[in-house]
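Just below is one structure, and these are the notes that go with it.
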Amino acid sequence: MSTELLTVTIDGVPVQVARGTAMIEAAKMAGIMVPHYCYHPSLPSPAVCRMCLVEVEKMPKLVPACVTPVADGQVIHVHSPAAVKARAGVLEFLLINHPLDCPICDQSGECELQDFVFQGGRASSRFSEPKRYNPVEDFGPDVLYVPNRCILCTRCVRFMESVAEDPVLNVSERGDRAYIGIDESQRLDHPWSGNVVDLCPVGSLLSKDFLHKARVWDLDGSASVCTGCTQGCNITVDTRDEVVVRLRPRPNLEVNRHFICDTGRADYRWMNRGDRAEAPLVRMDGTMYAVEWDAALARLAALVSATSGPVVLLSGGRASCEALGWTARLLEGHAVTAAMLVPMGDEAPLGGIPDLALRRERAANLEGARLLGLAGDWDAAIVRAASAALVVVLDTELSDADAARVSQAGTLVHLTTVADARLTNAELILPITSVVESQGVLVNRDRRAQRVLPVRPAPGMARSAWWVAANAWALRAADRTAPATAGAAFRALDAFEGLSHNDLGFIGRVVGAVAAEVTR
Amino acid sequence: MGYPHPIHATETPVLSTHFGEVEARSYSGWVARGGYEGLRKALTMTPEQIVDEVKASGLRGRGGAGFPTGLKWSFMPKDDGKPHYLCCNADESEPGTFKDREILRWTPHALIEGCAIAALAIRAEVSYIYIRGEYTEPYHILQAAVDEAYAAGALGPNAFGSGKPLEMIVHRGAGAYICGEETALMNSLEGRRGNPRIKPPFPAVSGLFGQPTTINNVETLAAVPHILMRGAAWYAGLCLGNPKSTGTKLISVCGHVQRPGTYEITLGLPMRDLIFEACGGMLPGRTLKAVIPGGSSVPIMTPDEVDRCVTDYEGIAAEGSLLGSGGMIVMDDTTDIVYQIMRLARFYAHESCAQCTNCREGTGWTTRILERIVAGKGKASDLDLLMDLAENMTGKTICVLSDSCATPVVSGIQKFRPDFEAYLSGARAPVSLGI
Amino acid sequence: MSSHAAEPHTPVFVGAALAQLEALAPKYPTRMALLLPALWIVQQERGWVSDGAIHEVAEQLELTPAYVRGVITFYTMYHTHPVGRHFIQVCTTSPCNLCGAEDVARALLEHTGCGELGATSPDGRFTVVEAECLGGCGFTTPLLIDDDFIEGVTVATVPAVLERYS
């Protein structure tokens with residue numbers, strides 16, 4: 001890639017961009033958004049919506065900013081009268097057959113047609129003919145097609161063709177009879193097909209799962225990372241009244257570009273469980289009693305200090321680096337065998353994007369556990385647990401067989417989001433937050449450390465696992481102070497070379513020995 | 001013999017000399033008429049020599065755009081190690097245009113020979129002739145001629161023993177006007193929807209199958225053997241008006257004339273002579289109302305403009321229209337011009353490939369407004385609306401189909417506004433739509 | 001969309017038809033380029049392109065059925081539904097329209113018994129559709145009946161023209 005820089009002026013803002021940069025991306029760098037529909041940075045550009053026409057001095061016609069590379073010295077006008085008029089014309093054409101059904105459309109509130117019409121469309125319609133009508137079609141397990149709302153931007157067709165490499169969608173017919181078609185014998189059931197819903201700039205492709213669940217302006221969203229596998233796709237978690245209703249991809253060009261798989265997309269129901277552990281439980285005289293955190297932490301510290309003999313730490317794949325690191329620190333001084341449960345599944349790659357797949361290893365922070373030296377062999381750890389003096393089970397659900405083995409241990413501490421009645425030897429059941437209620441860092445398979453942020457408050461008395469572990473650790477010796485924040489908890493972990501949450505930003509950072517090689 | 005009428009004194013038969021002669025369709029018949037001498041000569045020339053000869057002739061593309069043919073050929077890269085392709089655009093579909101059809105069905109070997117020479121000029125080993133699906137008879141005639149040319153050794157891996165390969169494949173379209181747009185044609189030939197492509201890249205860089213490609217119209221290619229045999233100077237000398245418009249042009253005249261048909265004129269002939277002499281003028285008792293001179297995509301001309309106009313690229317442009325493909329639609333005073341413009345808009349709405357918003361929606365909307373007007377339900381504001389939509393449909397899309405729909409609407413409203421107003425005011429009785 | 005999906009499909013590309021397709025293959029650098037020719041072969045063999053044929057073509061050319069369907073619906077000359085024994089396209093675009101093409105079209109609907117455009121006559125003999133410009137503007141009104149291009153048809157000559165097709 002050439003690094004030669006060209007200087008162009010866009011709406012009066014000079015900007016330097018690499019040769020070959022499309023005008024629409026150059027404008028982005030100048031802080032100017034060129035309205036567009038068919039253009040998408042992760043798809044080939046067909047230049048068909050004609051929304052991004054801009055005026056370029058010394059060029060006779062308006063040009064599509066999405067496919068026209070900048071030339072040195074160019075003066076580009078995104079908001080000149082000619083460009084504004086052209087855009088208003090396109091919007092009018094797009095609206096003539098578009099139903100005025102925003103009040104019942106799921107896209108409403110995050111609809112690019114609404115947005116751009118609001119910005120630069122006509123106040124009233126000049127169209128007095130009957131509108132085109134086609135019935136809703138069922139495209140696949142989670143996707144409905146509402147042709148009347150379709151603006152034929154073809155993002156969905158291009159995604160299936162060029163990115164999913166499973167061209168089951170087409171443009172059928174011609175002229176204003178055209179619609180997005182699917183072969184009757186085929187379904188839109190590719191493991192990544194749900195992305196067409198996000199790609200659709202209007203409410204034409206809808207998720208059945210999200211159908212009529214919420215108005216998007218009632219949603220709260222937060223940046224997070226999918227915990228479905230080791231890929232670590234960046235997501236936004238959307239909640240309504242503190243109930244998670246939708247996971248969406250969050251762009252990260254280094255990890256998942258603009259996409260997530262359908263498995264990850266659907267992986268949120270567990271977040272809404274109603275049987276959450278909400279108070280610390282301590283076994284006293286064979287009975288579990290709810291106690292204040294002070295009492296629970298004191299008991300935990302005492303238990304760890306009193307332990308003599310092997311200790312086993314069993315963690316789940318969603319446990320953050322902070323949780324893992326501080327739990328390990330709590331157990332310092334003991335011979336600890338640590339393992340992370342890694343459920344296995346089938347790999348489902350997204351063909352058109354290098355290094356993007358639903359991975360076989362369904363443990364989001366497996367690499368984090370490895371960096372911290374806490375990812376030993378699971379089966380060996382389970383065998384050891386049966387005769388261990390202390391077993392700490394951190395944020396994971398055990399199989400019946402594993403639960404039976406673990407129940408034979410001397411003492412068991414369970415840091416968990418839901419109580420597990422099978423673990424009859426639990427001395428402490430400590431309610432912890434889930435990934436949507438806490439800050440933390442997960443490290444994906446490429447050793448990219450990425451932050452998750454909370455989107456809703458913790459239930460009951462639940463606290464972050466790192467907080468629980470760190471405060472118990474502090475109680476074990478007089479001169480210790482637990483970190484006050486997740487950020488401080490992270491910074492204190494040696495494996496991360498002094499990096500802070502801030503350093504990771506919103507797209508993460510590659511850490512560890514491979515960092516130097518992986519700088520992209 | 002001309003076709004379907006005898007050659008008229010105003011004509012200059014070059015390409016049309018043998019129209020109507022069944023024998024000219026066969027290889028032997030064509031050779032007997034001096035055929036394939038141009039190709040034999042070209043086989044002795046370098047590509048540069050062929051290109052220079054065609055450049056010197058002043059030949060311009062006969063499909064509509066009028067781009068200098070030799071210059072177009074010279075854009076093809078040299079020594080790039082890639083396969084080059086020649087495409088012949090035989091997708092003649094512009095309403096009013098039926099001149100290539102006569103070449104295809106009467107003198108197919110003229111086209112084959114022209115393709116072969118062009119292929120040599122652009123260093124292509126393979127030529128594809130894309131013929132519209134509706135041209136069934138021309139297709140069978142052309143395919144038979146190609147087979148004969150192969151059998152005679154004019155085509156094949158060793159054309160006329162020259163050691164040079166010349167492969168030629170006839171490819172049928174299947175009913176899509178837009179495939180006459182050069183990049184849409186390439187997509188169609190590749191087995192895709194006939195969507196025009198964004199340019200750049202231009203075909204000479206990345207055309208058919210992503211390789212350097214030149215695409216020429218049937219009539220353009222059919223003229224090439226004559227230029228090679230009789231010389232560029234002879235061809236350039238065929239000129240009655242502007243020296244930028246040289247050679248002969250087939251004009252297919254249809255509509256309200258006594259003798260519709262394909263006429264070959266030297267460029268620069270007064271349009272009146274063509275319509276009123278060659279074509280015999282109006283039907284008895286009728287007068288001229290309008291002419292669309294270059295296929296349905298060009299602005300409509302009034303009788304005054306026709307009177308002043310010389311038929312060449314510059315002459316028609318001077319009167320505000322275009323020579324285009326040379327498909328001339330003549331309308332007399334009985335014509336309901338609003339209805340005909342509605343039909344033209346409907347044609348473009350039917351043929352829009354659906355890619356660009358302005359075209360997909362604009363052609364359909366324009367049609368529906370015009371349909372409403374002729375149905376007697378027009379509104380006073382409709383004409384301004386049509387004009388504004390036309391502006392939003394012009395110069396905004398990947399190809400010019402959208403512009404082509406807007407053009408007759410704009411020129412129609414500008415030049416025949418009273419006809420529209422008669423519908424709007426109720427002075428003219430509404431027409432019931434549909435058959 | 002199609003109600004014919006359930007009909008069992010007898011392969012088109014066997015014997016001569018397959019040979020015809022494969023003879024074309026060396027003429028193109030990609031297999032996709034055989035799509036229009038392959039669909040022509042299907043239509044020549046079967047009269048229309050059924051769902052089964054779409055799947056067969058897709059398989060032959062290593063494409064998806066959805067892709068093939070998107071291409072077919074772009075072109076007006078492929079029939080995705082059965083049509084009459086004789087398929088009549090009548091041009092009614094402006095140049096022909098000026099010279100009475102709509103009257104010819106009406107006469108065709110009447111004399112074939114089709115009644116309306118796109119419909120097949122009760123005897124299964126004809127289907128009549130409007131075509132947008134057949135390229136015979138100087139020979140109004142042109143018809144394309146199956147593969148026959150017939151020029152200069154008038155309302156008066158419609159019955160005689162139809163007589164030739166049984």
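As shown in the structure tokens, the chain order sets the letters A, B, ...; within each chain, residues go from 1, and ligands are also counted from 1 in the order they appear.
By chain and then residue number, the residues within 6 Å of stretch 66-74 of chain A are Leu6, Thr7, Val8, Gly20, Thr21, Ala22, Met23 and Ile24 of chain A, counting only C-alpha atoms and disregarding those fewer than 4 positions away in sequence.
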Those residues you just picked out, can you put them in a file as a PDB file, in the first residue's frame with N, CA and C atoms?
```pdb
ATOM      1  N   LEU A   6      -2.003  12.706  -0.380  1.00  0.00           N
ATOM      2  CA  LEU A   6      -2.556  13.735  -1.243  1.00  0.00           C
ATOM      3  C   LEU A   6      -3.320  14.706  -0.359  1.00  0.00           C
ATOM      4  N   THR A   7      -3.366  15.956  -0.802  1.00  0.00           N
ATOM      5  CA  THR A   7      -4.125  16.947  -0.039  1.00  0.00           C
ATOM      6  C   THR A   7      -5.371  17.314  -0.824  1.00  0.00           C
ATOM      7  N   VAL A   8      -6.514  17.185  -0.179  1.00  0.00           N
ATOM      8  CA  VAL A   8      -7.765  17.600  -0.806  1.00  0.00           C
ATOM      9  C   VAL A   8      -8.516  18.493   0.178  1.00  0.00           C
ATOM     10  N   GLY A  20      -5.423   6.807  -3.511  1.00  0.00           N
ATOM     11  CA  GLY A  20      -6.323   5.665  -3.647  1.00  0.00           C
ATOM     12  C   GLY A  20      -7.516   5.728  -2.702  1.00  0.00           C
ATOM     13  N   THR A  21      -7.484   6.657  -1.748  1.00  0.00           N
ATOM     14  CA  THR A  21      -8.603   6.775  -0.806  1.00  0.00           C
ATOM     15  C   THR A  21      -9.843   7.283  -1.537  1.00  0.00           C
ATOM     16  N   ALA A  22     -10.975   6.631  -1.286  1.00  0.00           N
ATOM     17  CA  ALA A  22     -12.227   7.103  -1.875  1.00  0.00           C
ATOM     18  C   ALA A  22     -12.641   8.405  -1.184  1.00  0.00           C
ATOM     19  N   MET A  23     -13.322   9.236  -1.956  1.00  0.00           N
ATOM     20  CA  MET A  23     -13.731  10.550  -1.434  1.00  0.00           C
ATOM     21  C   MET A  23     -14.546  10.409  -0.155  1.00  0.00           C
ATOM     22  N   ILE A  24     -15.373   9.385  -0.085  1.00  0.00           N
ATOM     23  CA  ILE A  24     -16.259   9.243   1.071  1.00  0.00           C
ATOM     24  C   ILE A  24     -15.444   8.986   2.336  1.00  0.00           C
TER      25      ILE A  24
END
```
Item to check | Contact residues (chain C, partner chain B, 8 Å, only C-alpha atoms) as a PyMOL selection string | outcome: chain C and resi 27+29-30+32-37+70-71+74-78+93-99+102+105-106+116-117+132-139+144+147-149
(Q) I'd like the contact shell of stretch 421-428 of chain A - 10 Å cut-off, only C-alpha atoms, skipping same-chain residues fewer than 3 positions apart - returned as a ChimeraX atom specification. (A) /A:280-284,286-290,296-297,299-300,303,390-393,398,400,403-415,418,431
Export of the given selection (C-alpha atoms) as an mmCIF file, in the first residue's frame:
```cif
data_model
loop_
_atom_site.group_PDB
_atom_site.id
_atom_site.type_symbol
_atom_site.label_atom_id
_atom_site.label_comp_id
_atom_site.auth_asym_id
_atom_site.auth_seq_id
_atom_site.Cartn_x
_atom_site.Cartn_y
_atom_site.Cartn_z
ATOM 1 C CA PRO A 280 -23.355 -13.845 49.681
ATOM 2 C CA LEU A 281 -24.163 -17.164 51.328
ATOM 3 C CA VAL A 282 -22.000 -18.636 54.031
ATOM 4 C CA ARG A 283 -22.289 -22.154 55.421
ATOM 5 C CA MET A 284 -22.745 -22.142 59.158
ATOM 6 C CA GLY A 286 -24.358 -27.041 57.744
ATOM 7 C CA THR A 287 -26.811 -24.372 56.680
ATOM 8 C CA MET A 288 -26.265 -21.549 54.208
ATOM 9 C CA TYR A 289 -26.963 -18.088 55.577
ATOM 10 C CA ALA A 290 -27.083 -14.800 53.707
ATOM 11 C CA ALA A 296 -18.396 -13.166 53.528
ATOM 12 C CA LEU A 297 -15.014 -11.684 52.613
ATOM 13 C CA ARG A 299 -14.751 -15.918 55.833
ATOM 14 C CA LEU A 300 -13.220 -16.267 52.360
ATOM 15 C CA LEU A 303 -10.753 -20.108 54.488
ATOM 16 C CA LEU A 390 -9.921 -26.115 48.423
ATOM 17 C CA VAL A 391 -11.662 -25.717 45.112
ATOM 18 C CA VAL A 392 -12.607 -22.293 43.790
ATOM 19 C CA VAL A 393 -15.192 -22.390 41.048
ATOM 20 C CA LEU A 398 -20.110 -27.528 35.548
ATOM 21 C CA ASP A 400 -23.027 -33.210 36.206
ATOM 22 C CA ALA A 403 -19.959 -31.277 39.646
ATOM 23 C CA ALA A 404 -19.949 -34.717 41.261
ATOM 24 C CA ARG A 405 -16.132 -34.801 41.342
ATOM 25 C CA VAL A 406 -15.844 -31.284 42.625
ATOM 26 C CA SER A 407 -18.357 -32.014 45.394
ATOM 27 C CA GLN A 408 -15.853 -34.460 46.866
ATOM 28 C CA ALA A 409 -13.333 -31.692 47.580
ATOM 29 C CA GLY A 410 -12.595 -30.624 51.120
ATOM 30 C CA THR A 411 -13.896 -27.119 50.773
ATOM 31 C CA LEU A 412 -15.513 -25.317 47.877
ATOM 32 C CA VAL A 413 -15.937 -21.632 47.165
ATOM 33 C CA HIS A 414 -18.314 -20.739 44.398
ATOM 34 C CA LEU A 415 -18.097 -17.300 42.755
ATOM 35 C CA VAL A 418 -26.430 -18.447 39.829
ATOM 36 C CA PRO A 431 -22.780 -13.576 43.923
#
```
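Applying a distance limit of 9 Å to only C-alpha atoms, the residues of chain C near chain A read Met1, Ser2, Ala5, Asp51, Leu63, Thr64, Pro65, Ala66, Tyr67, Val68, Arg69, Gly70, Val71, Ile72, Thr73, Phe74 and Tyr75 of chain C.
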Compile a residue-level contact table for chain A against chain B at a cut-off of 9 Å, reporting for every qualifying residue the shortest atom pair and its distance in Å to one decimal, with only C-alpha atoms counted, rows ordered by chain and ascending number, as JSON lines.
```
{"residue": "A:Pro46", "atom": "CA", "partner": "B:Ile198", "partner_atom": "CA", "distance": 7.5}
{"residue": "A:Ala47", "atom": "CA", "partner": "B:Ile198", "partner_atom": "CA", "distance": 7.5}
{"residue": "A:Val48", "atom": "CA", "partner": "B:Cys356", "partner_atom": "CA", "distance": 4.4}
{"residue": "A:Cys49", "atom": "CA", "partner": "B:Thr357", "partner_atom": "CA", "distance": 5.3}
{"residue": "A:Arg50", "atom": "CA", "partner": "B:Cys356", "partner_atom": "CA", "distance": 6.5}
{"residue": "A:Met51", "atom": "CA", "partner": "B:Thr357", "partner_atom": "CA", "distance": 8.7}
{"residue": "A:Leu53", "atom": "CA", "partner": "B:Lys396", "partner_atom": "CA", "distance": 7.8}
{"residue": "A:Lys61", "atom": "CA", "partner": "B:Gly395", "partner_atom": "CA", "distance": 6.6}
{"residue": "A:Leu62", "atom": "CA", "partner": "B:Lys396", "partner_atom": "CA", "distance": 7.0}
{"residue": "A:Val63", "atom": "CA", "partner": "B:Lys396", "partner_atom": "CA", "distance": 8.1}
{"residue": "A:Pro64", "atom": "CA", "partner": "B:Lys396", "partner_atom": "CA", "distance": 9.0}
{"residue": "A:Val67", "atom": "CA", "partner": "B:Ile198", "partner_atom": "CA", "distance": 8.5}
{"residue": "A:Thr68", "atom": "CA", "partner": "B:Pro200", "partner_atom": "CA", "distance": 9.0}
{"residue": "A:Lys85", "atom": "CA", "partner": "B:Asn392", "partner_atom": "CA", "distance": 8.2}
{"residue": "A:Ala86", "atom": "CA", "partner": "B:Asn392", "partner_atom": "CA", "distance": 6.4}
{"residue": "A:Ala88", "atom": "CA", "partner": "B:Asn392", "partner_atom": "CA", "distance": 9.0}
{"residue": "A:Gly89", "atom": "CA", "partner": "B:Asn392", "partner_atom": "CA", "distance": 5.6}
{"residue": "A:Val90", "atom": "CA", "partner": "B:Asn358", "partner_atom": "CA", "distance": 6.0}
{"residue": "A:Leu91", "atom": "CA", "partner": "B:Thr357", "partner_atom": "CA", "distance": 8.9}
{"residue": "A:Phe93", "atom": "CA", "partner": "B:Glu361", "partner_atom": "CA", "distance": 5.6}
{"residue": "A:Leu94", "atom": "CA", "partner": "B:Thr357", "partner_atom": "CA", "distance": 6.8}
{"residue": "A:Ile96", "atom": "CA", "partner": "B:Glu361", "partner_atom": "CA", "distance": 7.8}
{"residue": "A:Asn97", "atom": "CA", "partner": "B:Glu361", "partner_atom": "CA", "distance": 8.2}
{"residue": "A:Arg126", "atom": "CA", "partner": "B:Leu385", "partner_atom": "CA", "distance": 7.8}
{"residue": "A:Phe127", "atom": "CA", "partner": "B:Trp365", "partner_atom": "CA", "distance": 8.1}
{"residue": "A:Ser128", "atom": "CA", "partner": "B:Ile369", "partner_atom": "CA", "distance": 8.6}
{"residue": "A:Glu129", "atom": "CA", "partner": "B:Arg368", "partner_atom": "CA", "distance": 7.0}
{"residue": "A:Ile151", "atom": "CA", "partner": "B:Thr357", "partner_atom": "CA", "distance": 7.9}
{"residue": "A:Leu152", "atom": "CA", "partner": "B:Gln355", "partner_atom": "CA", "distance": 7.6}
{"residue": "A:Cys153", "atom": "CA", "partner": "B:Gln355", "partner_atom": "CA", "distance": 8.2}
{"residue": "A:Thr154", "atom": "CA", "partner": "B:Gln355", "partner_atom": "CA", "distance": 8.8}
{"residue": "A:Val171", "atom": "CA", "partner": "B:Ala354", "partner_atom": "CA", "distance": 8.7}
{"residue": "A:Glu173", "atom": "CA", "partner": "B:Ala354", "partner_atom": "CA", "distance": 8.1}
{"residue": "A:Arg174", "atom": "CA", "partner": "B:Cys353", "partner_atom": "CA", "distance": 5.1}
{"residue": "A:Gly175", "atom": "CA", "partner": "B:Ala354", "partner_atom": "CA", "distance": 4.3}
{"residue": "A:Asp176", "atom": "CA", "partner": "B:Arg360", "partner_atom": "CA", "distance": 5.1}
{"residue": "A:Arg177", "atom": "CA", "partner": "B:Ala354", "partner_atom": "CA", "distance": 8.2}
{"residue": "A:Ala178", "atom": "CA", "partner": "B:Ala354", "partner_atom": "CA", "distance": 6.3}
```
Write out, as a short mmCIF file (atom, residue, chain, number, x, y, z; two decimals), in the first residue's frame, the residues just selected, with N, CA and C atoms.
```cif
data_model
loop_
_atom_site.label_atom_id
_atom_site.label_comp_id
_atom_site.auth_asym_id
_atom_site.auth_seq_id
_atom_site.Cartn_x
_atom_site.Cartn_y
_atom_site.Cartn_z
N PRO A 46 -21.00 -0.66 -5.23
CA PRO A 46 -21.61 -0.65 -6.56
C PRO A 46 -21.99 0.75 -7.04
N ALA A 47 -21.97 1.73 -6.15
CA ALA A 47 -22.34 3.12 -6.52
C ALA A 47 -23.72 3.22 -7.13
N VAL A 48 -24.68 2.52 -6.55
CA VAL A 48 -26.01 2.52 -7.15
C VAL A 48 -27.04 3.40 -6.45
N CYS A 49 -26.82 3.72 -5.18
CA CYS A 49 -27.88 4.48 -4.50
C CYS A 49 -27.87 5.93 -4.93
N ARG A 50 -26.74 6.40 -5.35
CA ARG A 50 -26.54 7.75 -5.87
C ARG A 50 -26.73 8.83 -4.80
N MET A 51 -26.69 8.42 -3.55
CA MET A 51 -26.82 9.39 -2.47
C MET A 51 -25.53 10.18 -2.27
N LEU A 53 -23.40 11.42 -4.23
CA LEU A 53 -22.89 12.29 -5.28
C LEU A 53 -22.40 13.60 -4.67
N LYS A 61 -19.63 16.65 -14.02
CA LYS A 61 -20.81 16.05 -13.40
C LYS A 61 -20.52 15.77 -11.93
N LEU A 62 -21.59 15.60 -11.17
CA LEU A 62 -21.42 15.14 -9.80
C LEU A 62 -20.84 13.73 -9.84
N VAL A 63 -20.03 13.39 -8.86
CA VAL A 63 -19.41 12.06 -8.88
C VAL A 63 -19.77 11.30 -7.60
N PRO A 64 -19.88 9.98 -7.71
CA PRO A 64 -20.15 9.18 -6.51
C PRO A 64 -18.91 9.11 -5.63
N VAL A 67 -16.90 5.58 -4.84
CA VAL A 67 -16.01 4.84 -5.73
C VAL A 67 -14.99 5.73 -6.43
N THR A 68 -15.03 7.02 -6.13
CA THR A 68 -14.11 7.91 -6.81
C THR A 68 -12.92 8.21 -5.91
N LYS A 85 -29.16 19.36 -3.86
CA LYS A 85 -30.36 19.15 -4.68
C LYS A 85 -30.40 17.71 -5.20
N ALA A 86 -29.24 17.21 -5.62
CA ALA A 86 -29.20 15.83 -6.12
C ALA A 86 -29.60 14.85 -5.03
N ALA A 88 -31.44 15.46 -2.37
CA ALA A 88 -32.88 15.57 -2.10
C ALA A 88 -33.68 14.83 -3.16
N GLY A 89 -33.18 14.87 -4.41
CA GLY A 89 -33.85 14.15 -5.49
C GLY A 89 -33.83 12.66 -5.26
N VAL A 90 -32.68 12.13 -4.87
CA VAL A 90 -32.59 10.70 -4.61
C VAL A 90 -33.52 10.30 -3.46
N LEU A 91 -33.51 11.11 -2.41
CA LEU A 91 -34.36 10.80 -1.25
C LEU A 91 -35.82 10.78 -1.65
N PHE A 93 -37.00 10.06 -4.60
CA PHE A 93 -37.22 8.83 -5.36
C PHE A 93 -37.31 7.62 -4.43
N LEU A 94 -36.47 7.61 -3.40
CA LEU A 94 -36.49 6.47 -2.49
C LEU A 94 -37.78 6.41 -1.69
N ILE A 96 -40.83 7.49 -2.68
CA ILE A 96 -42.14 7.43 -3.35
C ILE A 96 -42.84 6.09 -3.12
N ASN A 97 -42.08 5.04 -3.12
CA ASN A 97 -42.71 3.74 -2.91
C ASN A 97 -42.49 3.20 -1.50
N ARG A 126 -44.49 14.81 -3.36
CA ARG A 126 -45.12 15.21 -4.61
C ARG A 126 -45.68 13.99 -5.34
N PHE A 127 -45.63 12.86 -4.68
CA PHE A 127 -46.02 11.60 -5.33
C PHE A 127 -47.49 11.33 -5.05
N SER A 128 -48.28 11.26 -6.09
CA SER A 128 -49.70 11.04 -5.87
C SER A 128 -50.19 9.77 -6.56
N GLU A 129 -49.25 8.89 -6.91
CA GLU A 129 -49.66 7.64 -7.57
C GLU A 129 -49.76 6.55 -6.50
N ILE A 151 -34.91 -0.30 -0.29
CA ILE A 151 -34.42 0.73 -1.20
C ILE A 151 -33.39 0.17 -2.19
N LEU A 152 -33.33 -1.17 -2.29
CA LEU A 152 -32.49 -1.84 -3.29
C LEU A 152 -31.03 -1.39 -3.24
N CYS A 153 -30.53 -1.16 -2.04
CA CYS A 153 -29.13 -0.76 -1.93
C CYS A 153 -28.22 -1.96 -2.20
N THR A 154 -28.78 -3.16 -2.08
CA THR A 154 -28.10 -4.45 -2.37
C THR A 154 -26.98 -4.79 -1.40
N VAL A 171 -30.94 -9.86 -6.76
CA VAL A 171 -31.89 -8.84 -7.18
C VAL A 171 -32.70 -9.48 -8.28
N GLU A 173 -36.00 -9.31 -11.08
CA GLU A 173 -36.78 -8.39 -11.91
C GLU A 173 -35.98 -7.11 -12.18
N ARG A 174 -36.64 -6.18 -12.88
CA ARG A 174 -35.96 -4.96 -13.31
C ARG A 174 -36.79 -3.74 -12.92
N GLY A 175 -36.19 -2.58 -13.12
CA GLY A 175 -36.90 -1.32 -12.94
C GLY A 175 -37.51 -1.23 -11.56
N ASP A 176 -38.65 -0.55 -11.47
CA ASP A 176 -39.22 -0.38 -10.13
C ASP A 176 -40.01 -1.61 -9.69
N ARG A 177 -39.95 -2.69 -10.47
CA ARG A 177 -40.52 -3.97 -10.02
C ARG A 177 -39.48 -4.79 -9.26
N ALA A 178 -38.26 -4.31 -9.23
CA ALA A 178 -37.17 -5.11 -8.66
C ALA A 178 -37.34 -5.30 -7.16
#
```
For C:Glu151, find every residue with an atom within 7 Å (counting only C-alpha atoms), except residues of its own chain fewer than 2 positions away, and show them as an NGL selection string. :C and (139-143 or 149 or 153)
Non-local contacts of A:Asp355 (12 Å; only C-alpha atoms; under 4 positions in same chain excluded) as a compact mmCIF listing (two decimals) with N, CA and C atoms, in the first residue's frame:
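Result file follows (out-v4.txt):
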```txt
# COMPACT_ATOMS: atom_id res chain seq x y z
N THR A 230 -13.53 -17.67 21.14
CA THR A 230 -12.25 -16.99 21.34
C THR A 230 -11.99 -15.89 20.31
N GLN A 231 -12.91 -15.72 19.37
CA GLN A 231 -12.71 -14.68 18.35
C GLN A 231 -12.73 -13.29 18.99
N GLY A 232 -13.64 -13.11 19.94
CA GLY A 232 -13.72 -11.81 20.62
C GLY A 232 -14.33 -10.70 19.78
N CYS A 233 -15.39 -11.02 19.05
CA CYS A 233 -16.04 -10.00 18.24
C CYS A 233 -16.55 -8.87 19.11
N LEU A 253 -12.12 -3.16 12.94
CA LEU A 253 -11.54 -3.64 11.69
C LEU A 253 -10.51 -4.72 11.91
N GLU A 254 -9.94 -4.79 13.12
CA GLU A 254 -8.89 -5.77 13.38
C GLU A 254 -9.47 -7.12 13.81
N VAL A 255 -10.72 -7.14 14.24
CA VAL A 255 -11.25 -8.37 14.81
C VAL A 255 -12.42 -8.93 13.99
N ASN A 256 -13.46 -8.14 13.90
CA ASN A 256 -14.67 -8.65 13.29
C ASN A 256 -15.22 -7.72 12.23
N ARG A 257 -14.41 -6.75 11.80
CA ARG A 257 -14.87 -5.70 10.88
C ARG A 257 -16.24 -5.19 11.34
N GLU A 347 -16.40 -25.00 13.94
CA GLU A 347 -15.91 -23.71 13.45
C GLU A 347 -16.82 -23.26 12.30
N ALA A 348 -17.13 -21.97 12.27
CA ALA A 348 -17.96 -21.41 11.18
C ALA A 348 -17.31 -20.14 10.70
N PRO A 349 -16.48 -20.24 9.68
CA PRO A 349 -15.77 -19.04 9.21
C PRO A 349 -16.67 -18.11 8.39
N LEU A 350 -16.30 -16.85 8.36
CA LEU A 350 -16.92 -15.91 7.44
C LEU A 350 -15.93 -15.77 6.29
N GLY A 351 -16.25 -16.45 5.19
CA GLY A 351 -15.25 -16.68 4.14
C GLY A 351 -14.57 -15.45 3.60
N ARG A 359 -15.29 -19.64 16.46
CA ARG A 359 -14.20 -20.57 16.72
C ARG A 359 -14.69 -21.80 17.45
N ARG A 445 -8.17 -14.70 20.80
CA ARG A 445 -7.19 -15.69 20.35
C ARG A 445 -5.94 -15.06 19.73
N ASP A 446 -6.08 -13.84 19.29
CA ASP A 446 -4.91 -13.15 18.74
C ASP A 446 -4.22 -12.28 19.80
```
